[in-house]
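Below is one structure, written out as structure tokens, with a few remarks after it.
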Amino acid sequence: MTAPPDKSPERIASMFDAIAARYDFLNHFLSVGLDRRWRTRAIADLHLPTKARVLDLCTGTADLAIEATTAAQGIRVVGIDFAGVMLHYALEKLRARRLDDVVALVRGDATRIPVRDQWADAATIGFGIRNVAQPEAALRELARVLKPGGRLGILEFGEPCIPGIRGMYNVYFRAVLPRLGRLVSKHQSAYSYLPASVGTFPPPQEFAATISSHGFSDVKAVSLTLGIVYLYTATRS
Ligand SMILES: C[S@@+](CC[C@H](N)C(=O)[O-])C[C@H]1O[C@@H](n2cnc3c(N)ncnc32)[C@H](O)[C@@H]1O
């Protein structure tokens with residue numbers, strides 16, 4: 001079995017800070033634009049009401065937080081991340097879109113969420129939970145800060161379920177993508193860490209069961225784009 005990569009907060013935060021300037025470009029380029037569709041789907045499945053309070057953990061450059069603001073009138077978002085440079089680019093984007101008074105950015109850890117109990121109507125994590133050293137601690141915190149009936153949406157990479165496609169995808173994901181990522185970001189390991197961390201993340205049914213055991217009901221693992229990505233949705237019990 002492959003050893004899980006080092007997910008110490010210092011290592012993860014400094015790695016994302018180092019690639020922050022090229023992060024958005026590489027997201028769109030390496031996913032051929034599909035990442036936008038995955039985020040749109042994740043927010044749509046939350047069915048956010050008017051004036052909903054949304055928490056976006058591991059917000060990075062805030063793409064999911066920004067998408068959440070489009071779902072209904074009067075939405076407020078708090079985006080939390082421990083990588084300061086990622087948040088710097090997030091803030092630039094929010095200012096450019098005049099959303100800096102709608103989305104508040106907080107530097108903090110997903111396993112110690114700095115908001116009060118039952119503050120949020122909904123919570124999201126886009127491609128972040130795989131990087132959290134103790135995902136169960138983040139789920140416990142999410143159960144604490146969500147209102148009963150509050151919705152959870154988590155996007156994370158998976159593996160295509162159709163064998164022939166899985167083979168081709170793995171060549172791209174494990175051989176081509178790390179080289180392209182290294183070339184553009186100039187970071188030696190961030191885009192090798194990506195497939196390595198996906199490879200050691202639990203399979204969809206197992207992660208869905210983990211969500212269920214942390215105070216959530218109606219948990220679903222929905223395969224997007226043939227299983228390249230999974231959208232986990234759940235309701236706080
Ligand atoms: C792959 S990026 C995802 C960014 C964004 N959500 C998106 O959809 O593009 C992962 C982010 O999670 C953050 N992160 C990882 N572990 C974290 C933790 N324990 N607490 C806060 N942020 C964390 C990283 O700093 C990074 O910005």
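How things are named: the first chain in the structure tokens is A, the next is B, and so on; residues count from 1 in each chain; ligands count from 1 in the order shown.
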
What's the 12 Å shell around Pro202 in chain A, counting only C-alpha atoms, without same-chain residues fewer than 6 positions away, as a list in words? Pro4, Ile129, Arg130, Pro135, Glu156, Phe157, Gly158, Glu159, Ala208, Ala209, Thr210, Ile211 and Tyr230 of chain A

For ligand 1, return the neighbouring residues as a PyMOL selection string (distance at most 7 Å; only C-alpha atoms and all ligand atoms). chain A and resi 9+12-13+16+57-64+80-83+86+108-111+125-129+131-133

Keeping only C-alpha atoms, write those residues as a compact mmCIF listing (two decimals), in the first residue's frame.
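Resulting contents of selection13.txt:
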# COMPACT_ATOMS: atom_id res chain seq x y z
CA PRO A 9 -0.40 22.08 7.92
CA ILE A 12 0.28 22.05 2.79
CA ALA A 13 -0.02 25.81 3.39
CA PHE A 16 -0.38 26.13 -1.94
CA LEU A 57 -13.69 25.60 4.05
CA CYS A 58 -10.31 25.36 2.31
CA THR A 59 -11.51 28.26 0.18
CA GLY A 60 -8.17 28.83 -1.57
CA THR A 61 -8.66 31.48 -4.26
CA ALA A 62 -12.41 31.55 -3.44
CA ASP A 63 -13.90 30.18 -6.67
CA LEU A 64 -16.49 28.09 -4.81
CA ILE A 80 -11.53 29.90 5.51
CA ASP A 81 -8.05 28.78 4.53
CA PHE A 82 -4.68 28.66 6.25
CA ALA A 83 -2.64 29.62 3.16
CA MET A 86 -4.04 31.88 -1.64
CA GLY A 108 -7.75 29.63 9.85
CA ASP A 109 -7.74 25.85 10.06
CA ALA A 110 -10.59 23.65 8.84
CA THR A 111 -10.27 21.56 11.98
CA ILE A 125 -15.30 22.21 0.59
CA GLY A 126 -13.87 22.25 -2.94
CA PHE A 127 -10.93 19.90 -3.48
CA GLY A 128 -9.74 20.59 0.04
CA ILE A 129 -10.77 17.70 2.31
CA ASN A 131 -5.47 17.84 1.98
CA VAL A 132 -6.71 18.04 5.55
CA ALA A 133 -4.52 15.91 7.81

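Rounded to one decimal, CA of Asp56 in chain A and CA of Gly79 in chain A lie 4.6 Å from each other.
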
Nearest to Ile43 in chain A, chosen from A:His28, A:Arg166, A:Arg151, A:Arg236, with only C-alpha atoms counted in the distances: A:Arg151

CA of Val115 in chain A to CA of Thr50 in chain A, straight-line distance in Å: 20.5 Å

Mind pulling up the distance from CA of Tyr23 in chain A to CA of Glu67 in chain A? 17.0 Å

May I have the residues within 12 Å of Thr225 in chain A as a PyMOL selection string, using only C-alpha atoms and disregarding those fewer than 6 positions away in the same chain? chain A and resi 31-32+34-35+37-38+41+157-162+165-166+169+231

May I have the residues from that selection written out with N, CA and C atoms, as an mmCIF file, in the first residue's frame?
data_model
loop_
_atom_site.group_PDB
_atom_site.id
_atom_site.type_symbol
_atom_site.label_atom_id
_atom_site.label_comp_id
_atom_site.auth_asym_id
_atom_site.auth_seq_id
_atom_site.Cartn_x
_atom_site.Cartn_y
_atom_site.Cartn_z
ATOM 1 N N SER A 31 -7.958 20.921 -16.171
ATOM 2 C CA SER A 31 -9.265 20.233 -16.169
ATOM 3 C C SER A 31 -10.057 20.571 -17.433
ATOM 4 N N VAL A 32 -9.392 21.202 -18.403
ATOM 5 C CA VAL A 32 -10.042 21.715 -19.628
ATOM 6 C C VAL A 32 -11.377 22.419 -19.326
ATOM 7 N N LEU A 34 -13.432 22.021 -16.932
ATOM 8 C CA LEU A 34 -14.503 21.276 -16.246
ATOM 9 C C LEU A 34 -14.661 21.696 -14.797
ATOM 10 N N ASP A 35 -13.596 22.244 -14.196
ATOM 11 C CA ASP A 35 -13.691 22.610 -12.771
ATOM 12 C C ASP A 35 -14.813 23.624 -12.534
ATOM 13 N N ARG A 37 -17.667 23.772 -14.114
ATOM 14 C CA ARG A 37 -18.939 23.023 -14.082
ATOM 15 C C ARG A 37 -19.105 22.286 -12.774
ATOM 16 N N TRP A 38 -18.016 21.701 -12.247
ATOM 17 C CA TRP A 38 -18.112 20.945 -10.989
ATOM 18 C C TRP A 38 -18.529 21.878 -9.846
ATOM 19 N N ARG A 41 -22.232 22.853 -10.174
ATOM 20 C CA ARG A 41 -23.087 21.737 -9.755
ATOM 21 C C ARG A 41 -23.130 21.624 -8.223
ATOM 22 N N PHE A 157 -11.622 14.778 -5.879
ATOM 23 C CA PHE A 157 -11.280 13.928 -7.020
ATOM 24 C C PHE A 157 -11.535 12.463 -6.696
ATOM 25 N N GLY A 158 -11.867 11.704 -7.751
ATOM 26 C CA GLY A 158 -12.033 10.261 -7.632
ATOM 27 C C GLY A 158 -11.276 9.592 -8.772
ATOM 28 N N GLU A 159 -11.775 8.437 -9.175
ATOM 29 C CA GLU A 159 -11.157 7.705 -10.276
ATOM 30 C C GLU A 159 -12.255 7.228 -11.201
ATOM 31 N N PRO A 160 -12.118 7.406 -12.523
ATOM 32 C CA PRO A 160 -13.177 6.943 -13.425
ATOM 33 C C PRO A 160 -13.493 5.466 -13.197
ATOM 34 N N CYS A 161 -14.797 5.131 -13.263
ATOM 35 C CA CYS A 161 -15.196 3.762 -12.953
ATOM 36 C C CYS A 161 -15.113 2.826 -14.168
ATOM 37 N N ILE A 162 -15.070 3.375 -15.398
ATOM 38 C CA ILE A 162 -15.039 2.505 -16.584
ATOM 39 C C ILE A 162 -13.578 2.127 -16.852
ATOM 40 N N ILE A 165 -11.366 3.712 -19.744
ATOM 41 C CA ILE A 165 -11.235 5.161 -19.522
ATOM 42 C C ILE A 165 -10.335 5.410 -18.315
ATOM 43 N N ARG A 166 -10.475 4.556 -17.290
ATOM 44 C CA ARG A 166 -9.635 4.736 -16.106
ATOM 45 C C ARG A 166 -8.153 4.633 -16.480
ATOM 46 N N TYR A 169 -7.138 7.797 -18.327
ATOM 47 C CA TYR A 169 -7.148 8.934 -17.396
ATOM 48 C C TYR A 169 -5.928 8.875 -16.475
ATOM 49 N N LEU A 231 -19.096 14.452 -6.029
ATOM 50 C CA LEU A 231 -19.763 15.465 -5.220
ATOM 51 C C LEU A 231 -20.476 14.739 -4.084
#

Calculated over only C-alpha atoms, which of the candidates A:Thr235, A:Ser217, A:Ser189, A:Ser223 has the smallest distance to Pro204 in chain A? A:Ser223

Tell me, which residues of chain A carry DSSP strand (DSSP E), written as number ranges by chain? A: 53-57, 76-81, 103-107, 120-126, 146-157, 216-224, 229-236

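Candidate residues A:Ala72, A:Leu180, A:Lys147, A:Leu55 were compared for distance to Pro114 in chain A, and the nearest is A:Leu55, using only C-alpha atoms.
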
Skipping near chain neighbours, those fewer than 2 positions away, what residues fall within 12 Å of Tyr191 in chain A using only C-alpha atoms, listed as a ChimeraX atom specification? /A:15-16,18-19,22-23,26-27,30,173-189,193-198

Excluding same-chain residues fewer than 5 positions from Thr124 in chain A, what lies within 6 Å of it counting only C-alpha atoms, as a PDB file with C-alpha atoms, in the first residue's frame?
ATOM      1  CA  ASP A  56     -16.504  27.585   2.449  1.00  0.00           C
ATOM      2  CA  LEU A 152     -23.068  20.120   3.067  1.00  0.00           C
ATOM      3  CA  GLY A 153     -21.400  19.874  -0.362  1.00  0.00           C
ATOM      4  CA  ILE A 154     -17.894  18.472  -0.795  1.00  0.00           C
TER       5      ILE A 154
END
